[in-house]
file model-v4.cif (mmCIF, C-alpha atoms)
data_upload
loop_
_atom_site.label_atom_id
_atom_site.label_comp_id
_atom_site.auth_asym_id
_atom_site.auth_seq_id
_atom_site.Cartn_x
_atom_site.Cartn_y
_atom_site.Cartn_z
CA MET A 258 -9.87 -3.68 35.47
CA ASN A 259 -11.00 -2.79 31.96
CA ASP A 260 -8.11 -0.43 31.19
CA ALA A 261 -5.33 -2.77 32.33
CA PHE A 262 -4.11 -3.40 28.77
CA GLU A 263 -3.14 -1.11 25.94
CA VAL A 264 -4.45 -2.66 22.71
CA GLU A 265 -3.03 -1.71 19.32
CA ARG A 266 -4.19 -3.19 16.02
CA LEU A 267 -1.47 -3.78 13.46
CA ALA A 268 -1.55 -5.23 9.93
CA ASN A 269 -2.46 -8.82 9.04
CA ASN A 270 -4.92 -9.35 11.92
CA ILE A 271 -2.21 -8.89 14.52
CA TYR A 272 -2.77 -7.00 17.76
CA ARG A 273 -0.22 -5.92 20.34
CA LEU A 274 -1.28 -5.76 23.98
CA ARG A 275 0.80 -4.35 26.79
CA GLU A 276 0.18 -4.22 30.51
CA ARG A 277 -0.55 -0.55 31.10
CA TYR A 278 0.50 -0.53 34.75
CA ILE A 279 3.84 -2.29 34.34
CA ALA A 280 6.80 0.08 33.90
CA PRO A 281 7.67 0.57 30.20
CA TRP A 282 11.20 -0.70 30.72
CA LEU A 283 9.85 -4.15 31.71
CA ARG A 284 6.43 -4.67 30.12
CA CYS A 285 6.50 -7.35 27.46
CA ASN A 286 4.63 -7.43 24.18
CA ILE A 287 1.63 -9.73 24.21
CA TRP A 288 0.83 -10.68 20.62
CA PHE A 289 -2.71 -11.62 19.60
CA VAL A 290 -2.91 -13.21 16.15
CA LYS A 291 -6.29 -13.94 14.61
CA GLY A 292 -6.86 -16.87 12.26
CA ARG A 293 -9.84 -18.47 10.57
CA ASP A 294 -10.11 -21.47 12.89
CA ARG A 295 -8.19 -20.40 15.99
CA ASP A 296 -6.37 -17.46 17.48
CA LEU A 297 -2.92 -17.32 19.04
CA VAL A 298 -1.71 -15.47 22.10
CA ILE A 299 2.08 -15.22 21.96
CA ASP A 300 3.31 -14.56 25.52
CA THR A 301 0.95 -13.57 28.31
CA GLY A 302 2.72 -10.94 30.40
CA MET A 303 2.99 -11.02 34.19
CA GLY A 304 -0.49 -12.39 34.81
CA LEU A 305 -1.69 -9.73 37.23
CA TRP A 306 -4.75 -8.69 35.21
CA PRO A 307 -7.36 -10.83 33.33
CA LEU A 308 -5.84 -11.12 29.86
CA LYS A 309 -8.21 -13.76 28.48
CA LYS A 310 -11.28 -11.59 29.11
CA THR A 311 -9.68 -8.71 27.25
CA LEU A 312 -8.91 -10.94 24.25
CA ILE A 313 -12.45 -12.25 24.13
CA THR A 314 -13.81 -8.70 24.03
CA HIS A 315 -11.65 -8.21 20.92
CA GLY A 316 -13.09 -11.27 19.21
CA GLY A 317 -10.73 -13.93 20.52
CA LYS A 318 -11.88 -17.47 19.76
CA ASN A 319 -10.45 -20.96 20.34
CA LEU A 320 -7.47 -19.35 22.01
CA THR A 321 -4.10 -21.07 22.23
CA ALA A 322 -1.42 -19.42 24.37
CA ILE A 323 2.17 -19.90 23.28
CA SER A 324 5.05 -18.92 25.55
CA THR A 325 8.28 -18.09 23.76
CA HIS A 326 10.08 -18.88 27.02
CA SER A 327 9.38 -19.28 30.72
CA HIS A 328 10.59 -15.97 32.16
CA PHE A 329 8.12 -14.33 34.54
CA ASP A 330 7.28 -11.32 32.39
CA HIS A 331 6.22 -13.54 29.47
CA MET A 332 4.34 -16.47 31.04
CA GLY A 333 2.53 -15.04 34.06
CA GLY A 334 -0.90 -15.25 32.43
CA GLY A 335 -0.44 -18.69 30.91
CA SER A 336 -2.52 -20.40 33.58
CA ASP A 337 -5.68 -18.70 32.28
CA PHE A 338 -5.63 -20.69 29.03
CA CYS A 339 -6.78 -24.27 28.47
CA GLN A 340 -4.21 -24.64 25.70
CA HIS A 341 -0.73 -23.45 26.65
CA TRP A 342 2.20 -24.53 24.48
CA GLY A 343 5.95 -24.07 24.76
CA HIS A 344 9.24 -25.92 24.56
CA LYS A 345 9.70 -29.10 26.57
CA LEU A 346 13.10 -27.97 27.87
CA GLU A 347 11.32 -25.42 30.06
CA ALA A 348 8.31 -27.54 31.04
CA GLU A 349 9.34 -27.69 34.70
CA SER A 350 9.80 -23.91 34.88
CA PHE A 351 6.23 -23.46 33.64
CA SER A 352 4.68 -26.03 35.97
CA LYS A 353 6.81 -25.21 39.02
CA PRO A 354 7.82 -21.53 38.80
CA SER A 355 9.86 -19.99 41.57
CA THR A 356 7.98 -19.05 44.72
CA ASN A 357 10.91 -16.99 46.00
CA PRO A 358 10.28 -13.26 45.37
CA ALA A 359 14.03 -12.62 45.51
CA ASP A 360 14.43 -14.52 42.23
CA PHE A 361 12.59 -11.74 40.36
CA TYR A 362 14.88 -8.96 41.59
CA PRO A 363 16.12 -6.51 40.27
CA PHE A 364 13.32 -6.39 37.70
CA VAL A 365 10.43 -6.73 40.15
CA ARG A 366 10.50 -3.91 42.69
CA ALA A 367 8.19 -1.12 43.82
CA GLU A 368 9.01 0.96 40.72
CA THR A 369 7.90 -1.89 38.43
CA PHE A 370 4.22 -1.22 39.14
CA LEU A 371 2.52 2.02 38.14
CA LYS A 372 -0.67 0.87 39.88
CA ASP A 373 -1.24 -2.03 42.25
CA PRO A 374 -3.30 -4.84 40.69
CA TRP A 375 -5.28 -5.33 43.91
CA PRO A 376 -5.48 -3.78 47.40
CA ASP A 377 -2.59 -4.61 49.74
CA PHE A 378 -0.44 -5.81 46.82
CA LYS A 379 3.27 -5.76 47.67
CA ALA A 380 5.95 -5.96 44.98
CA GLU A 381 8.31 -7.82 47.28
CA GLN A 382 5.76 -10.65 47.53
CA PHE A 383 5.31 -11.11 43.79
CA THR A 384 5.17 -14.75 42.67
CA LEU A 385 3.87 -16.64 39.65
CA ARG A 386 0.99 -19.06 39.29
CA PRO A 387 1.94 -22.43 37.78
CA ALA A 388 1.16 -22.54 34.06
CA PRO A 389 1.82 -26.13 32.95
CA LEU A 390 2.27 -26.76 29.26
CA THR A 391 -0.52 -28.73 27.60
CA GLY A 392 1.48 -29.19 24.41
CA TYR A 393 5.12 -29.08 23.36
CA LEU A 394 6.63 -27.12 20.48
CA ASP A 395 10.00 -27.73 18.91
CA GLU A 396 12.04 -26.93 15.81
CA GLY A 397 10.09 -27.45 12.60
CA ASP A 398 6.62 -27.78 14.13
CA VAL A 399 3.88 -25.97 12.23
CA ILE A 400 1.00 -24.13 13.90
CA ASP A 401 -2.06 -24.10 11.65
CA LEU A 402 -4.70 -21.41 12.17
CA GLY A 403 -6.70 -22.55 9.16
CA ASP A 404 -5.75 -19.70 6.86
CA ARG A 405 -2.21 -19.00 8.04
CA TYR A 406 0.73 -21.05 9.24
CA PHE A 407 3.63 -20.48 11.61
CA GLN A 408 6.81 -22.54 11.74
CA VAL A 409 8.47 -22.97 15.11
CA LEU A 410 12.16 -22.10 15.37
CA HIS A 411 14.14 -23.26 18.40
CA VAL A 412 16.43 -20.31 19.17
CA PRO A 413 18.14 -21.05 22.50
CA GLY A 414 20.49 -18.69 24.29
CA HIS A 415 18.26 -16.30 26.20
CA SER A 416 16.84 -19.46 27.76
CA PRO A 417 17.23 -23.16 26.90
CA GLY A 418 13.79 -23.50 25.32
CA SER A 419 13.39 -20.12 23.68
CA ILE A 420 11.32 -20.32 20.49
CA ALA A 421 10.31 -17.95 17.71
CA LEU A 422 7.39 -18.20 15.28
CA HIS A 423 7.98 -17.58 11.57
CA GLU A 424 5.17 -16.82 9.15
CA GLU A 425 6.91 -17.27 5.82
CA ALA A 426 3.94 -16.02 3.74
CA THR A 427 4.21 -12.56 5.28
CA ALA A 428 7.96 -12.67 6.12
CA THR A 429 7.03 -12.06 9.76
CA LEU A 430 8.84 -13.28 12.87
CA PHE A 431 7.65 -13.29 16.47
CA SER A 432 11.04 -13.44 18.13
CA GLY A 433 10.41 -13.48 21.88
CA ASP A 434 13.51 -12.28 23.75
CA ILE A 435 16.19 -13.67 21.45
CA VAL A 436 16.07 -10.30 19.68
CA TYR A 437 14.19 -7.02 20.15
CA ASP A 438 15.07 -3.37 19.66
CA GLY A 439 16.68 -2.82 23.04
CA ASP A 440 19.49 -4.10 25.24
CA LEU A 441 19.61 -7.89 24.89
CA ILE A 442 20.04 -10.25 27.85
CA ASP A 443 22.47 -13.13 27.41
CA ASN A 444 23.83 -13.37 30.96
CA ALA A 445 20.90 -14.39 33.20
CA ASP A 446 21.07 -17.64 35.14
CA ASP A 447 19.60 -19.77 32.35
CA CYS A 448 21.29 -17.97 29.45
CA ASP A 449 23.98 -19.45 27.23
CA THR A 450 26.01 -16.79 25.41
CA SER A 451 27.40 -19.19 22.83
CA LEU A 452 23.94 -20.45 21.87
CA PHE A 453 22.63 -16.88 21.94
CA LYS A 454 25.16 -15.88 19.29
CA GLN A 455 24.32 -18.92 17.16
CA SER A 456 20.63 -18.08 17.27
CA LEU A 457 21.26 -14.46 16.26
CA HIS A 458 23.37 -15.63 13.31
CA ARG A 459 20.52 -17.87 12.27
CA LEU A 460 17.92 -15.11 12.40
CA ASN A 461 20.20 -12.83 10.44
CA GLY A 462 20.03 -15.33 7.58
CA LEU A 463 16.24 -15.38 7.32
CA SER A 464 14.28 -13.43 4.72
CA LEU A 465 12.18 -11.16 6.94
CA GLU A 466 10.19 -7.97 6.57
CA THR A 467 8.74 -7.54 10.06
CA ILE A 468 10.05 -8.64 13.45
CA HIS A 469 7.70 -8.49 16.43
CA GLY A 470 9.96 -8.74 19.46
CA GLY A 471 9.24 -9.57 23.07
CA HIS A 472 9.73 -5.94 24.10
CA TYR A 473 9.62 -2.47 22.54
CA ASP A 474 8.46 -1.64 19.01
CA SER A 475 8.48 -3.85 15.93
CA PHE A 476 11.12 -3.33 13.26
CA GLY A 477 12.31 -4.47 9.84
CA SER A 478 15.20 -6.42 8.41
CA THR A 479 17.58 -3.45 8.19
CA GLN A 480 17.14 -2.73 11.90
CA LEU A 481 17.47 -6.45 12.68
CA ASN A 482 20.86 -6.49 10.98
CA GLN A 483 21.88 -3.37 12.91
CA ILE A 484 20.78 -4.78 16.28
CA ILE A 485 22.71 -7.98 15.70
CA SER A 486 25.75 -6.06 14.51
CA ASN A 487 25.60 -3.82 17.58
CA TYR A 488 25.37 -6.86 19.84
CA PHE A 489 28.46 -8.50 18.36
CA GLU A 490 30.35 -5.22 18.67
CA GLY A 491 29.57 -5.15 22.39
CA PHE A 492 26.71 -2.66 22.30
CA GLN A 493 22.98 -3.23 22.80
CA ARG A 494 23.66 -5.79 25.51
CA MET A 495 22.55 -5.63 29.14
CA HIS A 496 25.90 -6.04 30.88
CA ASN A 497 24.60 -5.56 34.43
CA CYS A 498 20.88 -6.06 35.07
CA ASP A 499 20.73 -4.22 38.40
CA ARG A 500 22.56 -1.18 37.04
CA TRP A 501 20.41 -1.21 33.91
CA VAL A 502 17.16 -1.18 35.93
CA ARG A 503 18.40 1.64 38.15
CA ASP A 504 19.39 3.65 35.08
CA GLN A 505 15.94 3.11 33.53
CA ILE A 506 14.24 4.33 36.69
CA LYS A 507 16.46 7.40 36.85
CA LEU A 508 15.84 8.16 33.18
CA SER A 509 12.08 7.82 33.61
CA ASN A 510 12.13 10.14 36.65
CA LYS A 511 14.29 12.70 34.86
CA CYS A 512 12.01 12.78 31.82
CA GLY A 513 8.87 12.81 33.91
CA LEU A 514 7.75 9.50 32.42
CA PRO A 515 6.07 6.64 34.26
CA THR A 516 8.69 4.47 35.89
#

call {"tool": "encode", "arguments": {"input": "model-v4.cif", "output": "C-alpha cells"}}
result
Amino acid sequence: MNDAFEVERLANNIYRLRERYIAPWLRCNIWFVKGRDRDLVIDTGMGLWPLKKTLITHGGKNLTAISTHSHFDHMGGGSDFCQHWGHKLEAESFSKPSTNPADFYPFVRAETFLKDPWPDFKAEQFTLRPAPLTGYLDEGDVIDLGDRYFQVLHVPGHSPGSIALHEEATATLFSGDIVYDGDLIDNADDCDTSLFKQSLHRLNGLSLETIHGGHYDSFGSTQLNQIISNYFEGFQRMHNCDRWVRDQIKLSNKCGLPT
C-alpha cells in the first residue's frame, strides 16, 4: 500500500513518518535520519505496512533500526530490518513479544484502525512479529553515521530499557516515550514512576533546541520545561488508560476527525 505512511521532511536530513491508517491518538512517530554512511530508523510503528520499502523509495541506505523501547506501537516493524538495536533490558520483549491480543487493550481496538491492513483483518486478533535485537545500546554508546553522531541516553521509567538519542552538534533529542507533547504514561505494567521522574529531571538539564518525541509534534526547550513542570504538578499524565482512549475516540467523533 503506497499511501500507508505520511512522510514529512524536516531540517537536518530528518524525516518523520506516521502510519496513515492508525488513529492519531495512537500512531507513533517513525524518525528517519540520513547520514553519509548509514541511515537510522528510530522506532518502526506497528508493523502492519511495509516500512522498509517506503524508506528505500526516499533514499534509505544501509538502514539500522533503533527501538527506543519495546512497546507494540514502536517496535512492530523491527523484524523487517537486518540491523535492529535497542537496550538489553528489553531484549526478551523484542524477541518474544506477547501473543495475547488482550495485552494490547485498551489501545488496540476496532477504532484504532482507520483502514484494515489486509482483508479479513480483525483488531481483536492483533499480535506482533518477533523482532530480536541484533545489537545492544546502553548509556554513553555513540552511533556514528559518518558525518553525524548520536549519544545514547538510558532514560528508564516508561519502560526499563527506554533510550533516547542525543545529537549534541544540533542540540537535538529523539526522546521516545519518556517525553512528548501529550499525556505521559508512567503507570503501565513495566513503568517505574520513580525512575520516570529521575529521567525527566535529567532531560530538563540538557541543552536542547529540538525534541522529537515518540508521539505528536516536535517542540523546543521552553515547551520541554513546561511539559515536565505540568507532569510534576499532576497534569499532562495519563491517569487511566482506558478512560483516556475512550475520551480520545469521543473527541475525534465530536470533531468529525478520524478516530

call {"tool": "residues_around", "arguments": {"input": "model-v4.cif", "residues": "Val409 of chain A", "least_positions_apart": "4", "cutoff": "12 Å", "atoms": "all atoms listed in the file", "output": "list in words"}}
result
Ile323, Ser324, Thr325, Trp342, Gly343, His344, Tyr393, Leu394, Asp395, Glu396, Gly397, Asp398, Val399, Ile400, Asp401, Gly418, Ser419, Ile420, Ala421, Leu422, His423, Glu424, Glu425, Leu430, Phe431, Ser432 and Gly433 of chain A

call {"tool": "resolve_selection", "arguments": {"input": "model-v4.cif", "expression": "the PyMOL selection byres ((chain A and resi 277) around 12)", "output": "count of residues only"}}
result
33

call {"tool": "residues_around", "arguments": {"input": "model-v4.cif", "residues": "segment 314-322 of chain A", "least_positions_apart": "6", "cutoff": "8 Å", "atoms": "only C-alpha atoms", "output": "PyMOL selection string"}}
result
chain A and resi 291+294-301+335+338-342

call {"tool": "write_last_selection", "arguments": {"input": "model-v4.cif", "atoms": "C-alpha atoms", "output": "mmCIF file, in the coordinates of the input"}}
result
data_model
loop_
_atom_site.group_PDB
_atom_site.id
_atom_site.type_symbol
_atom_site.label_atom_id
_atom_site.label_comp_id
_atom_site.auth_asym_id
_atom_site.auth_seq_id
_atom_site.Cartn_x
_atom_site.Cartn_y
_atom_site.Cartn_z
ATOM 1 C CA LYS A 291 -6.290 -13.940 14.610
ATOM 2 C CA ASP A 294 -10.110 -21.470 12.890
ATOM 3 C CA ARG A 295 -8.190 -20.400 15.990
ATOM 4 C CA ASP A 296 -6.370 -17.460 17.480
ATOM 5 C CA LEU A 297 -2.920 -17.320 19.040
ATOM 6 C CA VAL A 298 -1.710 -15.470 22.100
ATOM 7 C CA ILE A 299 2.080 -15.220 21.960
ATOM 8 C CA ASP A 300 3.310 -14.560 25.520
ATOM 9 C CA THR A 301 0.950 -13.570 28.310
ATOM 10 C CA GLY A 335 -0.440 -18.690 30.910
ATOM 11 C CA PHE A 338 -5.630 -20.690 29.030
ATOM 12 C CA CYS A 339 -6.780 -24.270 28.470
ATOM 13 C CA GLN A 340 -4.210 -24.640 25.700
ATOM 14 C CA HIS A 341 -0.730 -23.450 26.650
ATOM 15 C CA TRP A 342 2.200 -24.530 24.480
#

call {"tool": "axis_aligned_box", "arguments": {"input": "model-v4.cif", "around": "segment 446-464 of chain A", "padding_each_side": "6 Å", "output": "lines of an AutoDock Vina configuration file"}}
result
center_x = 20.8
center_y = -16.6
center_z = 19.9
size_x = 25.1
size_y = 19.6
size_z = 42.4

call {"tool": "residues_around", "arguments": {"input": "model-v4.cif", "residues": "Ile435 of chain A", "least_positions_apart": "3", "cutoff": "9 Å", "atoms": "all atoms listed in the file", "output": "MDAnalysis selection string"}}
result
chainID A and resid 412:416 419:421 432 441:443 453 456:457 470:471

call {"tool": "closest_residue", "arguments": {"input": "model-v4.cif", "among": "A:Leu312, A:Leu481, A:Leu460, A:Leu465", "to": "Gly439 of chain A", "atoms": "all atoms listed in the file"}}
result
A:Leu481

call {"tool": "resolve_selection", "arguments": {"input": "model-v4.cif", "expression": "the PyMOL selection byres ((chain A and resi 476-479) around 9)", "output": "list of chain:residue names"}}
result
A:Tyr437, A:Asp438, A:Asn461, A:Ser464, A:Leu465, A:Glu466, A:Thr467, A:Ile468, A:His469, A:Gly470, A:Asp474, A:Ser475, A:Gln480, A:Leu481, A:Asn482, A:Gln483, A:Ile484

call {"tool": "closest_residue", "arguments": {"input": "model-v4.cif", "among": "A:Pro389, A:Asn444, A:His472, A:Asp504", "to": "Arg273 of chain A", "atoms": "only C-alpha atoms"}}
result
A:His472

call {"tool": "atom_distance", "arguments": {"input": "model-v4.cif", "atom1": "atom CA of Thr391 of chain A", "atom2": "atom CA of Val290 of chain A"}}
result
19.4 Å

call {"tool": "atom_distance", "arguments": {"input": "model-v4.cif", "atom1": "atom CA of Asp449 of chain A", "atom2": "atom CA of Pro417 of chain A"}}
result
7.7 Å

call {"tool": "resolve_selection", "arguments": {"input": "model-v4.cif", "expression": "the PyMOL selection byres ((chain A and resi 384) around 12)", "output": "ChimeraX atom specification"}}
result
/A:303-305,328-330,332-334,353-362,365,378-383,385-387

call {"tool": "atom_distance", "arguments": {"input": "model-v4.cif", "atom1": "atom CA of Ser352 of chain A", "atom2": "atom CA of Leu390 of chain A"}}
result
7.2 Å

call {"tool": "closest_residue", "arguments": {"input": "model-v4.cif", "among": "A:Phe364, A:Leu452, A:Ala445, A:Ala388", "to": "Gln505 of chain A", "atoms": "only C-alpha atoms"}}
result
A:Phe364

call {"tool": "closest_residue", "arguments": {"input": "model-v4.cif", "among": "A:Ser327, A:Pro363, A:Tyr406, A:Tyr272", "to": "Asn497 of chain A", "atoms": "only C-alpha atoms"}}
result
A:Pro363

call {"tool": "decode", "arguments": {"input": "model-v4.cif", "residues": "segment 490-508 of chain A", "atoms": "N, CA and C atoms", "output": "PDB file, in the first residue's frame"}}
result
ATOM      1  N   GLU A 490       3.270  18.653  38.399  1.00  0.00           N
ATOM      2  CA  GLU A 490       2.128  19.285  39.059  1.00  0.00           C
ATOM      3  C   GLU A 490       0.870  18.422  38.959  1.00  0.00           C
ATOM      4  N   GLY A 491       0.998  17.263  38.314  1.00  0.00           N
ATOM      5  CA  GLY A 491      -0.125  16.337  38.228  1.00  0.00           C
ATOM      6  C   GLY A 491      -0.932  16.427  36.956  1.00  0.00           C
ATOM      7  N   PHE A 492      -0.505  17.297  36.043  1.00  0.00           N
ATOM      8  CA  PHE A 492      -1.174  17.413  34.754  1.00  0.00           C
ATOM      9  C   PHE A 492      -0.348  16.667  33.707  1.00  0.00           C
ATOM     10  N   GLN A 493      -0.877  16.591  32.512  1.00  0.00           N
ATOM     11  CA  GLN A 493      -0.172  16.002  31.364  1.00  0.00           C
ATOM     12  C   GLN A 493       0.338  14.600  31.706  1.00  0.00           C
ATOM     13  N   ARG A 494      -0.530  13.845  32.367  1.00  0.00           N
ATOM     14  CA  ARG A 494      -0.228  12.469  32.743  1.00  0.00           C
ATOM     15  C   ARG A 494      -1.476  11.628  32.481  1.00  0.00           C
ATOM     16  N   MET A 495      -1.287  10.464  31.889  1.00  0.00           N
ATOM     17  CA  MET A 495      -2.404   9.585  31.577  1.00  0.00           C
ATOM     18  C   MET A 495      -2.744   8.776  32.831  1.00  0.00           C
ATOM     19  N   HIS A 496      -3.723   9.249  33.587  1.00  0.00           N
ATOM     20  CA  HIS A 496      -4.045   8.612  34.864  1.00  0.00           C
ATOM     21  C   HIS A 496      -4.757   7.275  34.676  1.00  0.00           C
ATOM     22  N   ASN A 497      -5.619   7.184  33.667  1.00  0.00           N
ATOM     23  CA  ASN A 497      -6.361   5.952  33.416  1.00  0.00           C
ATOM     24  C   ASN A 497      -6.380   5.717  31.909  1.00  0.00           C
ATOM     25  N   CYS A 498      -5.688   4.688  31.455  1.00  0.00           N
ATOM     26  CA  CYS A 498      -5.508   4.478  30.017  1.00  0.00           C
ATOM     27  C   CYS A 498      -6.831   4.206  29.313  1.00  0.00           C
ATOM     28  N   ASP A 499      -7.688   3.375  29.904  1.00  0.00           N
ATOM     29  CA  ASP A 499      -8.946   3.039  29.255  1.00  0.00           C
ATOM     30  C   ASP A 499      -9.826   4.271  29.110  1.00  0.00           C
ATOM     31  N   ARG A 500      -9.921   5.067  30.156  1.00  0.00           N
ATOM     32  CA  ARG A 500     -10.722   6.287  30.093  1.00  0.00           C
ATOM     33  C   ARG A 500     -10.144   7.260  29.079  1.00  0.00           C
ATOM     34  N   TRP A 501      -8.825   7.354  29.042  1.00  0.00           N
ATOM     35  CA  TRP A 501      -8.164   8.269  28.107  1.00  0.00           C
ATOM     36  C   TRP A 501      -8.491   7.887  26.664  1.00  0.00           C
ATOM     37  N   VAL A 502      -8.408   6.597  26.338  1.00  0.00           N
ATOM     38  CA  VAL A 502      -8.691   6.150  24.968  1.00  0.00           C
ATOM     39  C   VAL A 502     -10.144   6.448  24.616  1.00  0.00           C
ATOM     40  N   ARG A 503     -11.063   6.147  25.533  1.00  0.00           N
ATOM     41  CA  ARG A 503     -12.471   6.410  25.252  1.00  0.00           C
ATOM     42  C   ARG A 503     -12.727   7.901  25.036  1.00  0.00           C
ATOM     43  N   ASP A 504     -12.049   8.740  25.813  1.00  0.00           N
ATOM     44  CA  ASP A 504     -12.192  10.185  25.642  1.00  0.00           C
ATOM     45  C   ASP A 504     -11.650  10.646  24.286  1.00  0.00           C
ATOM     46  N   GLN A 505     -10.534  10.043  23.845  1.00  0.00           N
ATOM     47  CA  GLN A 505      -9.967  10.412  22.548  1.00  0.00           C
ATOM     48  C   GLN A 505     -10.911  10.022  21.409  1.00  0.00           C
ATOM     49  N   ILE A 506     -11.529   8.870  21.527  1.00  0.00           N
ATOM     50  CA  ILE A 506     -12.468   8.421  20.500  1.00  0.00           C
ATOM     51  C   ILE A 506     -13.688   9.342  20.457  1.00  0.00           C
ATOM     52  N   LYS A 507     -14.201   9.694  21.622  1.00  0.00           N
ATOM     53  CA  LYS A 507     -15.345  10.604  21.678  1.00  0.00           C
ATOM     54  C   LYS A 507     -14.996  11.960  21.087  1.00  0.00           C
ATOM     55  N   LEU A 508     -13.800  12.464  21.428  1.00  0.00           N
ATOM     56  CA  LEU A 508     -13.383  13.766  20.919  1.00  0.00           C
ATOM     57  C   LEU A 508     -13.250  13.736  19.406  1.00  0.00           C
TER      58      LEU A 508
END
